[in-house]
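To start, the structure itself, in C-alpha coordinates.
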Amino acid sequence: MNLEELFSQYKEKTIEGRYLTLDHIQPILDKLNTNNQVQIIGRSVLDEPIYSYQIGTGETRIYLWSQMHGNESTTTKALFDFINVLNSGSEIAEKILNTFTFYCIPILNPDGARLYTRENANKIDLNRDSQNLTQPESRVLREVFKTFKPHYCFNLHDQRTIFGAGDTGKPATVSFLAPSYNEEREVNENRLKAINVIAGINDVLQKHIPGQVGRFDDSFNINCIGDTFQFLGVPTILFEAGHFPHDYDREITRKIIFFSLFSSFKLISENDLVDNRINDYLNISQNKVVFYDFMYKNIKINYDGIEIITNFVAQYKEELIENKIHFNAYIVETGELENYFGHYEYDAKGAIYSDDFSGFPKSNQKADFYLNKNVKFVNGLIKS
(Lines give C-alpha, C1' and ligand atoms only; values in the text may rest on other atoms or scores of the structure.)
Protein backbone atom coordinates (compact mmCIF):
# COMPACT_ATOMS: atom_id res chain seq x y z
CA MET A 1 0.00 0.00 0.00
CA ASN A 2 1.43 3.42 -0.92
CA LEU A 3 1.37 6.42 1.41
CA GLU A 4 -1.50 8.18 -0.38
CA GLU A 5 -3.70 5.09 -0.01
CA LEU A 6 -2.63 4.61 3.58
CA PHE A 7 -3.55 8.19 4.48
CA SER A 8 -6.85 8.06 2.64
CA GLN A 9 -7.83 4.87 4.46
CA TYR A 10 -6.84 5.88 7.98
CA LYS A 11 -7.35 9.64 8.09
CA GLU A 12 -9.26 10.59 11.25
CA LYS A 13 -12.26 12.23 9.61
CA THR A 14 -13.79 13.66 12.81
CA ILE A 15 -11.17 16.41 13.07
CA GLU A 16 -10.15 19.03 10.54
CA GLY A 17 -9.16 22.66 10.20
CA ARG A 18 -6.97 24.74 12.48
CA TYR A 19 -8.96 24.98 15.72
CA LEU A 20 -8.46 21.81 17.73
CA THR A 21 -9.23 21.52 21.44
CA LEU A 22 -9.83 18.75 23.97
CA ASP A 23 -13.52 18.94 23.05
CA HIS A 24 -12.64 17.81 19.53
CA ILE A 25 -10.33 14.94 20.47
CA GLN A 26 -12.19 13.64 23.54
CA PRO A 27 -14.47 11.33 21.48
CA ILE A 28 -11.40 9.93 19.71
CA LEU A 29 -9.64 9.29 23.03
CA ASP A 30 -12.77 7.61 24.39
CA LYS A 31 -12.84 5.33 21.35
CA LEU A 32 -9.15 4.48 21.74
CA ASN A 33 -9.37 3.78 25.45
CA THR A 34 -10.29 0.10 25.21
CA ASN A 35 -7.83 -1.07 27.85
CA ASN A 36 -6.69 1.98 29.81
CA GLN A 37 -4.28 3.09 27.08
CA VAL A 38 -5.47 6.66 27.70
CA GLN A 39 -4.40 8.27 30.96
CA ILE A 40 -4.68 11.69 32.57
CA ILE A 41 -1.06 12.49 33.40
CA GLY A 42 -1.49 16.03 34.69
CA ARG A 43 -3.53 19.20 34.69
CA SER A 44 -3.09 22.51 32.90
CA VAL A 45 -3.05 25.94 34.54
CA LEU A 46 -6.84 26.13 34.06
CA ASP A 47 -7.26 22.56 35.34
CA GLU A 48 -7.85 20.94 31.94
CA PRO A 49 -6.66 17.32 31.76
CA ILE A 50 -3.45 16.51 29.91
CA TYR A 51 -3.91 13.12 28.26
CA SER A 52 -1.43 10.49 27.19
CA TYR A 53 -1.95 7.55 24.88
CA GLN A 54 0.36 4.54 24.89
CA ILE A 55 0.44 1.68 22.41
CA GLY A 56 2.90 -1.01 21.32
CA THR A 57 5.11 -3.61 22.97
CA GLY A 58 8.37 -3.09 21.10
CA GLU A 59 11.75 -2.40 22.66
CA THR A 60 12.30 0.95 20.94
CA ARG A 61 10.48 3.65 22.89
CA ILE A 62 9.16 6.67 20.99
CA TYR A 63 7.94 9.81 22.78
CA LEU A 64 5.72 12.19 20.76
CA TRP A 65 3.97 15.36 21.87
CA SER A 66 1.91 17.91 19.94
CA GLN A 67 0.30 21.29 20.59
CA MET A 68 2.95 22.44 23.04
CA HIS A 69 1.88 25.67 21.35
CA GLY A 70 -1.91 25.72 21.51
CA ASN A 71 -2.49 27.18 18.05
CA GLU A 72 -0.32 24.56 16.29
CA SER A 73 -2.74 21.74 15.57
CA THR A 74 -1.67 20.24 12.23
CA THR A 75 0.60 17.63 13.77
CA THR A 76 -2.11 16.63 16.25
CA LYS A 77 -4.37 15.71 13.34
CA ALA A 78 -1.58 13.73 11.67
CA LEU A 79 -0.74 12.00 14.94
CA PHE A 80 -4.30 10.65 15.22
CA ASP A 81 -4.17 9.57 11.57
CA PHE A 82 -1.04 7.58 12.39
CA ILE A 83 -2.61 6.15 15.56
CA ASN A 84 -5.47 4.87 13.38
CA VAL A 85 -2.93 2.90 11.35
CA LEU A 86 -1.54 1.41 14.57
CA ASN A 87 -5.03 0.28 15.56
CA SER A 88 -5.91 -1.14 12.15
CA GLY A 89 -4.94 -4.74 12.90
CA SER A 90 -3.05 -4.84 9.61
CA GLU A 91 0.18 -6.69 9.06
CA ILE A 92 2.13 -3.45 8.88
CA ALA A 93 0.56 -2.23 12.14
CA GLU A 94 1.53 -5.44 13.92
CA LYS A 95 5.08 -5.11 12.70
CA ILE A 96 5.33 -1.51 13.93
CA LEU A 97 3.76 -2.35 17.31
CA ASN A 98 6.13 -5.26 17.82
CA THR A 99 9.08 -2.96 17.15
CA PHE A 100 8.04 0.20 19.03
CA THR A 101 6.29 1.40 22.14
CA PHE A 102 4.71 4.79 21.50
CA TYR A 103 3.94 7.32 24.22
CA CYS A 104 1.87 10.20 22.82
CA ILE A 105 0.66 13.46 24.35
CA PRO A 106 -1.73 14.78 21.68
CA ILE A 107 -2.39 18.19 23.29
CA LEU A 108 0.22 19.24 25.83
CA ASN A 109 -1.20 22.77 26.15
CA PRO A 110 -5.00 22.41 26.34
CA ASP A 111 -5.51 25.97 27.63
CA GLY A 112 -3.59 27.46 24.73
CA ALA A 113 -5.50 25.17 22.36
CA ARG A 114 -8.83 26.47 23.63
CA LEU A 115 -7.70 30.11 23.56
CA TYR A 116 -5.89 29.59 20.24
CA THR A 117 -2.65 31.05 21.58
CA ARG A 118 0.96 29.97 21.35
CA GLU A 119 1.42 30.37 25.11
CA ASN A 120 -0.33 28.63 27.99
CA ALA A 121 -2.88 30.37 30.25
CA ASN A 122 -0.05 32.09 32.16
CA LYS A 123 1.20 33.52 28.85
CA ILE A 124 4.34 31.39 29.05
CA ASP A 125 5.87 29.81 25.97
CA LEU A 126 6.32 26.22 27.10
CA ASN A 127 9.11 25.81 24.57
CA ARG A 128 11.19 28.31 26.57
CA ASP A 129 10.48 26.65 29.91
CA SER A 130 12.49 23.44 29.64
CA GLN A 131 15.03 24.48 32.29
CA ASN A 132 13.03 26.45 34.85
CA LEU A 133 9.95 24.18 34.55
CA THR A 134 7.73 26.90 35.98
CA GLN A 135 4.54 25.59 34.35
CA PRO A 136 2.53 22.43 35.12
CA GLU A 137 2.50 21.45 31.44
CA SER A 138 6.31 21.66 31.26
CA ARG A 139 6.66 19.52 34.36
CA VAL A 140 4.36 16.85 32.91
CA LEU A 141 6.44 16.67 29.74
CA ARG A 142 9.69 16.35 31.68
CA GLU A 143 8.33 13.76 34.14
CA VAL A 144 7.27 11.47 31.29
CA PHE A 145 10.71 11.90 29.73
CA LYS A 146 12.32 10.73 32.96
CA THR A 147 10.03 7.77 33.55
CA PHE A 148 9.43 6.56 29.96
CA LYS A 149 13.13 6.82 29.01
CA PRO A 150 12.57 7.24 25.25
CA HIS A 151 15.03 6.20 22.56
CA TYR A 152 13.68 8.95 20.24
CA CYS A 153 11.69 12.14 20.85
CA PHE A 154 9.35 13.66 18.27
CA ASN A 155 8.64 17.34 18.98
CA LEU A 156 5.63 18.25 16.81
CA HIS A 157 4.88 21.86 15.82
CA ASP A 158 3.45 24.21 13.17
CA GLN A 159 5.33 27.10 11.61
CA ARG A 160 3.99 30.29 10.06
CA THR A 161 3.32 30.88 6.36
CA ILE A 162 6.28 33.30 6.19
CA PHE A 163 8.85 30.52 5.79
CA GLY A 164 10.20 29.42 2.44
CA ALA A 165 12.62 26.66 1.48
CA GLY A 166 15.60 28.95 1.08
CA ASP A 167 15.31 31.49 -1.76
CA THR A 168 13.65 29.06 -4.15
CA GLY A 169 10.25 30.74 -4.13
CA LYS A 170 8.69 27.57 -2.77
CA PRO A 171 7.07 27.43 0.67
CA ALA A 172 8.57 25.28 3.42
CA THR A 173 5.56 22.97 3.61
CA VAL A 174 7.38 20.86 6.20
CA SER A 175 10.60 21.67 8.01
CA PHE A 176 12.75 19.53 10.27
CA LEU A 177 15.53 19.99 12.77
CA ALA A 178 17.92 17.75 14.63
CA PRO A 179 18.42 20.22 17.51
CA SER A 180 21.88 21.10 18.73
CA TYR A 181 23.07 19.81 22.07
CA ASN A 182 25.75 22.46 22.62
CA GLU A 183 26.64 26.03 21.63
CA GLU A 184 29.14 24.78 19.05
CA ARG A 185 26.39 22.85 17.26
CA GLU A 186 28.53 19.76 17.10
CA VAL A 187 27.25 16.41 15.88
CA ASN A 188 27.54 13.50 18.28
CA GLU A 189 26.14 9.98 17.97
CA ASN A 190 22.67 10.91 19.24
CA ARG A 191 22.28 14.00 17.11
CA LEU A 192 23.51 12.01 14.11
CA LYS A 193 20.68 9.50 14.62
CA ALA A 194 18.14 12.33 14.33
CA ILE A 195 19.97 13.75 11.29
CA ASN A 196 19.92 10.38 9.53
CA VAL A 197 16.18 9.95 10.12
CA ILE A 198 15.47 13.44 8.74
CA ALA A 199 17.58 12.74 5.65
CA GLY A 200 15.56 9.56 5.09
CA ILE A 201 12.24 11.37 5.51
CA ASN A 202 13.40 14.01 3.04
CA ASP A 203 14.11 11.31 0.43
CA VAL A 204 10.46 10.25 0.70
CA LEU A 205 8.98 13.75 0.73
CA GLN A 206 10.86 14.95 -2.34
CA LYS A 207 8.67 12.55 -4.33
CA HIS A 208 5.53 14.29 -3.02
CA ILE A 209 6.49 17.94 -2.43
CA PRO A 210 9.73 18.46 -4.41
CA GLY A 211 11.66 21.48 -3.19
CA GLN A 212 9.23 22.22 -0.35
CA VAL A 213 11.14 20.77 2.60
CA GLY A 214 13.04 23.11 4.90
CA ARG A 215 15.70 22.77 7.58
CA PHE A 216 15.04 24.75 10.73
CA ASP A 217 17.68 26.96 12.35
CA ASP A 218 19.88 24.93 14.72
CA SER A 219 21.13 27.73 16.99
CA PHE A 220 21.45 26.24 20.48
CA ASN A 221 19.00 27.34 23.19
CA ILE A 222 18.98 25.13 26.28
CA ASN A 223 15.61 26.63 27.28
CA CYS A 224 13.99 24.93 24.25
CA ILE A 225 12.73 21.44 24.93
CA GLY A 226 14.28 19.84 21.85
CA ASP A 227 17.72 21.21 22.67
CA THR A 228 17.33 20.05 26.27
CA PHE A 229 16.36 16.49 25.34
CA GLN A 230 19.16 16.33 22.78
CA PHE A 231 21.55 17.64 25.48
CA LEU A 232 20.27 14.89 27.79
CA GLY A 233 21.30 12.28 25.21
CA VAL A 234 18.09 11.36 23.39
CA PRO A 235 17.87 11.79 19.60
CA THR A 236 15.18 14.42 19.07
CA ILE A 237 13.46 15.47 15.86
CA LEU A 238 11.58 18.73 15.49
CA PHE A 239 8.69 18.66 12.99
CA GLU A 240 7.36 21.99 11.70
CA ALA A 241 4.14 21.80 9.67
CA GLY A 242 4.12 24.73 7.25
CA HIS A 243 2.20 26.07 4.29
CA PHE A 244 1.14 24.31 1.10
CA PRO A 245 -0.34 26.62 -1.57
CA HIS A 246 -4.00 27.50 -0.86
CA ASP A 247 -4.06 25.11 2.11
CA TYR A 248 -4.71 27.46 5.03
CA ASP A 249 -6.62 24.74 6.89
CA ARG A 250 -3.46 22.63 6.53
CA GLU A 251 -5.18 19.47 5.43
CA ILE A 252 -2.59 18.79 2.72
CA THR A 253 0.23 19.58 5.14
CA ARG A 254 -1.42 17.19 7.60
CA LYS A 255 -1.05 14.45 4.98
CA ILE A 256 2.62 15.28 4.49
CA ILE A 257 3.21 15.12 8.26
CA PHE A 258 1.52 11.70 8.26
CA PHE A 259 3.86 10.58 5.46
CA SER A 260 6.78 11.85 7.54
CA LEU A 261 5.75 10.04 10.71
CA PHE A 262 5.07 6.76 8.96
CA SER A 263 8.31 6.97 6.96
CA SER A 264 10.43 7.73 10.02
CA PHE A 265 9.28 4.62 11.87
CA LYS A 266 9.67 2.50 8.75
CA LEU A 267 13.25 3.76 8.45
CA ILE A 268 14.07 3.12 12.10
CA SER A 269 12.36 -0.29 12.24
CA GLU A 270 14.11 -1.55 9.11
CA ASN A 271 17.37 0.00 10.28
CA ASP A 272 17.44 1.55 6.82
CA LEU A 273 19.65 4.40 7.98
CA VAL A 274 22.96 5.18 6.34
CA ASP A 275 25.71 5.69 8.90
CA ASN A 276 26.33 9.34 8.19
CA ARG A 277 24.02 11.58 6.16
CA ILE A 278 25.15 14.95 7.47
CA ASN A 279 25.75 16.30 3.98
CA ASP A 280 22.30 15.20 2.79
CA TYR A 281 20.80 16.87 5.86
CA LEU A 282 22.72 20.11 5.28
CA ASN A 283 21.64 20.11 1.64
CA ILE A 284 18.01 20.52 2.72
CA SER A 285 17.18 24.19 2.10
CA GLN A 286 17.47 26.37 5.18
CA ASN A 287 14.17 27.75 6.44
CA LYS A 288 14.05 31.42 5.47
CA VAL A 289 11.58 34.25 6.08
CA VAL A 290 10.76 35.16 2.47
CA PHE A 291 6.95 34.92 2.17
CA TYR A 292 3.89 37.02 2.81
CA ASP A 293 0.35 35.78 2.31
CA PHE A 294 -0.32 38.54 -0.25
CA MET A 295 1.96 40.58 -2.49
CA TYR A 296 0.69 43.38 -4.74
CA LYS A 297 3.18 44.60 -7.35
CA ASN A 298 3.44 47.77 -9.44
CA ILE A 299 0.78 49.73 -7.57
CA LYS A 300 0.49 53.46 -8.29
CA ILE A 301 0.02 55.48 -5.11
CA ASN A 302 -0.03 59.16 -4.26
CA TYR A 303 2.80 59.76 -1.80
CA ASP A 304 2.89 63.35 -0.47
CA GLY A 305 1.51 64.65 -3.74
CA ILE A 306 3.87 62.60 -5.88
CA GLU A 307 2.69 59.57 -7.82
CA ILE A 308 5.01 56.59 -7.43
CA ILE A 309 4.95 52.93 -8.45
CA THR A 310 5.60 50.57 -5.56
CA ASN A 311 4.65 47.23 -4.00
CA PHE A 312 2.94 46.29 -0.78
CA VAL A 313 2.20 43.13 1.15
CA ALA A 314 -0.49 41.84 3.48
CA GLN A 315 -0.65 39.02 5.97
CA TYR A 316 -3.45 37.01 7.53
CA LYS A 317 -4.10 37.23 11.24
CA GLU A 318 -5.75 34.08 12.56
CA GLU A 319 -8.49 35.36 14.85
CA LEU A 320 -10.68 33.13 17.02
CA ILE A 321 -14.28 34.33 16.82
CA GLU A 322 -17.11 32.22 18.25
CA ASN A 323 -15.01 29.05 18.26
CA LYS A 324 -13.97 29.43 14.65
CA ILE A 325 -10.71 30.65 13.15
CA HIS A 326 -11.15 33.61 10.81
CA PHE A 327 -8.33 34.56 8.45
CA ASN A 328 -8.35 38.36 8.33
CA ALA A 329 -5.88 40.08 6.03
CA TYR A 330 -4.02 43.22 7.16
CA ILE A 331 -1.51 45.34 5.28
CA VAL A 332 2.02 44.87 6.64
CA GLU A 333 4.52 46.88 4.63
CA THR A 334 5.02 49.04 1.52
CA GLY A 335 8.23 49.23 -0.50
CA GLU A 336 10.41 47.44 -3.03
CA LEU A 337 10.32 44.20 -1.02
CA GLU A 338 13.01 42.58 -3.11
CA ASN A 339 13.68 38.88 -2.55
CA TYR A 340 10.23 38.31 -1.05
CA PHE A 341 7.35 36.27 -2.43
CA GLY A 342 3.59 36.18 -1.97
CA HIS A 343 1.52 33.05 -1.63
CA TYR A 344 -0.95 35.16 -3.62
CA GLU A 345 0.63 37.65 -6.02
CA TYR A 346 -1.12 40.31 -8.10
CA ASP A 347 0.56 42.54 -10.68
CA ALA A 348 -1.43 45.78 -10.86
CA LYS A 349 0.57 47.05 -13.88
CA GLY A 350 0.41 50.63 -12.66
CA ALA A 351 -3.23 50.67 -11.51
CA ILE A 352 -4.04 53.43 -9.02
CA TYR A 353 -4.58 52.42 -5.39
CA SER A 354 -7.44 53.82 -3.31
CA ASP A 355 -9.36 52.80 -0.20
CA ASP A 356 -12.03 54.00 2.22
CA PHE A 357 -9.49 54.88 4.91
CA SER A 358 -6.41 56.93 4.09
CA GLY A 359 -5.86 56.46 0.37
CA PHE A 360 -2.52 54.88 1.14
CA PRO A 361 -1.71 51.24 2.09
CA LYS A 362 -0.91 51.72 5.77
CA SER A 363 0.40 49.07 8.14
CA ASN A 364 -2.25 47.27 10.25
CA GLN A 365 -5.01 48.50 7.95
CA LYS A 366 -7.48 45.91 6.66
CA ALA A 367 -6.59 44.70 3.17
CA ASP A 368 -9.76 46.17 1.64
CA PHE A 369 -9.01 48.50 -1.29
CA TYR A 370 -9.60 49.39 -4.94
CA LEU A 371 -7.40 49.49 -8.02
CA ASN A 372 -8.42 52.06 -10.65
CA LYS A 373 -11.63 52.38 -8.57
CA ASN A 374 -13.20 49.47 -10.43
CA VAL A 375 -11.36 46.38 -9.13
CA LYS A 376 -12.35 45.77 -5.52
CA PHE A 377 -10.27 43.74 -3.09
CA VAL A 378 -11.87 42.45 0.11
CA ASN A 379 -9.79 40.68 2.74
CA GLY A 380 -6.87 40.60 0.35
CA LEU A 381 -8.64 38.99 -2.64
CA ILE A 382 -10.53 40.31 -5.65
CA LYS A 383 -14.24 40.43 -4.92
CA SER A 384 -15.99 38.80 -7.83
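Scheme for the C-alpha coordinates: letters A, B, ... for chains in order shown; per-chain residue numbers from 1; ligand numbers from 1 in order shown.
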### Query
Residues at most 12 Å from A:Ser180, counting only C-alpha atoms, excluding those fewer than 5 positions away in the same chain, as JSON, numbers by chain?
{"A": [185, 186, 187, 188, 189, 190, 191, 192, 194, 195, 216, 217, 218, 219, 220, 221, 222, 223, 224, 225, 226, 227, 228, 229, 230, 231, 232, 233, 234, 235, 236, 237, 238]}
### Task
Pull the strand (DSSP E or B) assignments for stretch 149-285 of chain A out of DSSP run on the backbone, and list those residues as a list in words.
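Those residues are Tyr152, Cys153, Phe154, Asn155, Leu156, His157, Asp158, Phe163, Gly164, Ala165, Pro171, Val174, Ser175, Phe176, Leu177, Val213, Gly214, Arg215, Thr236, Ile237, Leu238, Phe239, Glu240 and Ala241 of chain A.
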Can you write just those residues out, N, CA and C atoms, as a PDB file, in the first residue's frame?
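out35.pdb, freshly written:
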ATOM      1  N   TYR A 152      13.833   7.819  21.165  1.00  0.00           N
ATOM      2  CA  TYR A 152      13.683   8.946  20.237  1.00  0.00           C
ATOM      3  C   TYR A 152      12.570   9.851  20.750  1.00  0.00           C
ATOM      4  N   CYS A 153      12.748  11.162  20.535  1.00  0.00           N
ATOM      5  CA  CYS A 153      11.694  12.137  20.849  1.00  0.00           C
ATOM      6  C   CYS A 153      11.250  12.821  19.556  1.00  0.00           C
ATOM      7  N   PHE A 154       9.937  12.973  19.420  1.00  0.00           N
ATOM      8  CA  PHE A 154       9.355  13.661  18.268  1.00  0.00           C
ATOM      9  C   PHE A 154       8.594  14.884  18.780  1.00  0.00           C
ATOM     10  N   ASN A 155       9.135  16.051  18.487  1.00  0.00           N
ATOM     11  CA  ASN A 155       8.640  17.336  18.975  1.00  0.00           C
ATOM     12  C   ASN A 155       7.842  17.990  17.850  1.00  0.00           C
ATOM     13  N   LEU A 156       6.509  17.979  17.943  1.00  0.00           N
ATOM     14  CA  LEU A 156       5.628  18.250  16.811  1.00  0.00           C
ATOM     15  C   LEU A 156       5.028  19.648  16.877  1.00  0.00           C
ATOM     16  N   HIS A 157       5.282  20.451  15.836  1.00  0.00           N
ATOM     17  CA  HIS A 157       4.881  21.861  15.820  1.00  0.00           C
ATOM     18  C   HIS A 157       4.318  22.263  14.459  1.00  0.00           C
ATOM     19  N   ASP A 158       3.768  23.502  14.412  1.00  0.00           N
ATOM     20  CA  ASP A 158       3.452  24.206  13.170  1.00  0.00           C
ATOM     21  C   ASP A 158       4.374  25.410  13.052  1.00  0.00           C
ATOM     22  N   PHE A 163       7.623  31.260   6.051  1.00  0.00           N
ATOM     23  CA  PHE A 163       8.855  30.516   5.786  1.00  0.00           C
ATOM     24  C   PHE A 163       8.858  29.876   4.396  1.00  0.00           C
ATOM     25  N   GLY A 164       9.975  30.078   3.712  1.00  0.00           N
ATOM     26  CA  GLY A 164      10.201  29.419   2.439  1.00  0.00           C
ATOM     27  C   GLY A 164      11.359  28.443   2.547  1.00  0.00           C
ATOM     28  N   ALA A 165      11.469  27.568   1.553  1.00  0.00           N
ATOM     29  CA  ALA A 165      12.616  26.659   1.476  1.00  0.00           C
ATOM     30  C   ALA A 165      13.748  27.426   0.798  1.00  0.00           C
ATOM     31  N   PRO A 171       7.290  27.402  -0.780  1.00  0.00           N
ATOM     32  CA  PRO A 171       7.075  27.430   0.666  1.00  0.00           C
ATOM     33  C   PRO A 171       7.712  26.228   1.349  1.00  0.00           C
ATOM     34  N   VAL A 174       6.959  21.550   4.973  1.00  0.00           N
ATOM     35  CA  VAL A 174       7.379  20.857   6.198  1.00  0.00           C
ATOM     36  C   VAL A 174       8.845  21.198   6.422  1.00  0.00           C
ATOM     37  N   SER A 175       9.196  21.461   7.669  1.00  0.00           N
ATOM     38  CA  SER A 175      10.602  21.671   8.014  1.00  0.00           C
ATOM     39  C   SER A 175      10.970  20.754   9.169  1.00  0.00           C
ATOM     40  N   PHE A 176      12.256  20.429   9.228  1.00  0.00           N
ATOM     41  CA  PHE A 176      12.754  19.534  10.266  1.00  0.00           C
ATOM     42  C   PHE A 176      14.005  20.121  10.904  1.00  0.00           C
ATOM     43  N   LEU A 177      14.302  19.614  12.081  1.00  0.00           N
ATOM     44  CA  LEU A 177      15.530  19.991  12.767  1.00  0.00           C
ATOM     45  C   LEU A 177      15.973  18.856  13.675  1.00  0.00           C
ATOM     46  N   VAL A 213      10.718  21.191   1.261  1.00  0.00           N
ATOM     47  CA  VAL A 213      11.138  20.772   2.597  1.00  0.00           C
ATOM     48  C   VAL A 213      12.214  21.726   3.084  1.00  0.00           C
ATOM     49  N   GLY A 214      12.084  22.170   4.334  1.00  0.00           N
ATOM     50  CA  GLY A 214      13.042  23.106   4.904  1.00  0.00           C
ATOM     51  C   GLY A 214      13.796  22.501   6.075  1.00  0.00           C
ATOM     52  N   ARG A 215      14.895  23.151   6.406  1.00  0.00           N
ATOM     53  CA  ARG A 215      15.699  22.768   7.575  1.00  0.00           C
ATOM     54  C   ARG A 215      15.704  23.940   8.540  1.00  0.00           C
ATOM     55  N   THR A 236      16.436  13.667  19.101  1.00  0.00           N
ATOM     56  CA  THR A 236      15.184  14.415  19.068  1.00  0.00           C
ATOM     57  C   THR A 236      14.992  15.023  17.691  1.00  0.00           C
ATOM     58  N   ILE A 237      13.773  14.932  17.182  1.00  0.00           N
ATOM     59  CA  ILE A 237      13.462  15.470  15.859  1.00  0.00           C
ATOM     60  C   ILE A 237      12.325  16.480  15.994  1.00  0.00           C
ATOM     61  N   LEU A 238      12.596  17.691  15.535  1.00  0.00           N
ATOM     62  CA  LEU A 238      11.579  18.730  15.495  1.00  0.00           C
ATOM     63  C   LEU A 238      10.867  18.671  14.147  1.00  0.00           C
ATOM     64  N   PHE A 239       9.532  18.578  14.182  1.00  0.00           N
ATOM     65  CA  PHE A 239       8.688  18.660  12.994  1.00  0.00           C
ATOM     66  C   PHE A 239       8.023  20.035  12.989  1.00  0.00           C
ATOM     67  N   GLU A 240       8.062  20.719  11.853  1.00  0.00           N
ATOM     68  CA  GLU A 240       7.359  21.989  11.696  1.00  0.00           C
ATOM     69  C   GLU A 240       6.428  21.878  10.494  1.00  0.00           C
ATOM     70  N   ALA A 241       5.129  21.850  10.748  1.00  0.00           N
ATOM     71  CA  ALA A 241       4.143  21.801   9.674  1.00  0.00           C
ATOM     72  C   ALA A 241       3.936  23.216   9.139  1.00  0.00           C
TER      73      ALA A 241
END
### Query
Between A:Ala178, A:Leu97, A:Val140, A:Leu282, which one has atoms that come closest to A:Glu59, using only C-alpha atoms?
A:Leu97
### Task
Might you pull out every residue within 10 Å of A:Leu29, with only C-alpha atoms counted and same-chain residues fewer than 4 positions away left off, and present them as a ChimeraX atom specification?
/A:22,24-25,33-34,37-39,51-53,80,106
### Message
Just checking: using only C-alpha atoms, which residue out of A:Asp249, A:Asp125, A:Glu338, A:Asp23 ends up closest to A:Ser73?
### Response
A:Asp249
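For A:Ser263, the residues within 10 Å (counting only C-alpha atoms, excluding itself and residues fewer than 5 positions away along the chain) are Leu3, Val197, Ile198, Gly200, Ile201, Asn202, Asp203, Val204, Leu205, Ile257, Phe258, Ile268 and Ser269 of chain A.
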### Query
Pick the closest to A:His343 from A:Ile301, A:Ile321, A:Val45, A:Ile162: which is it, counting only C-alpha atoms?
A:Ile162
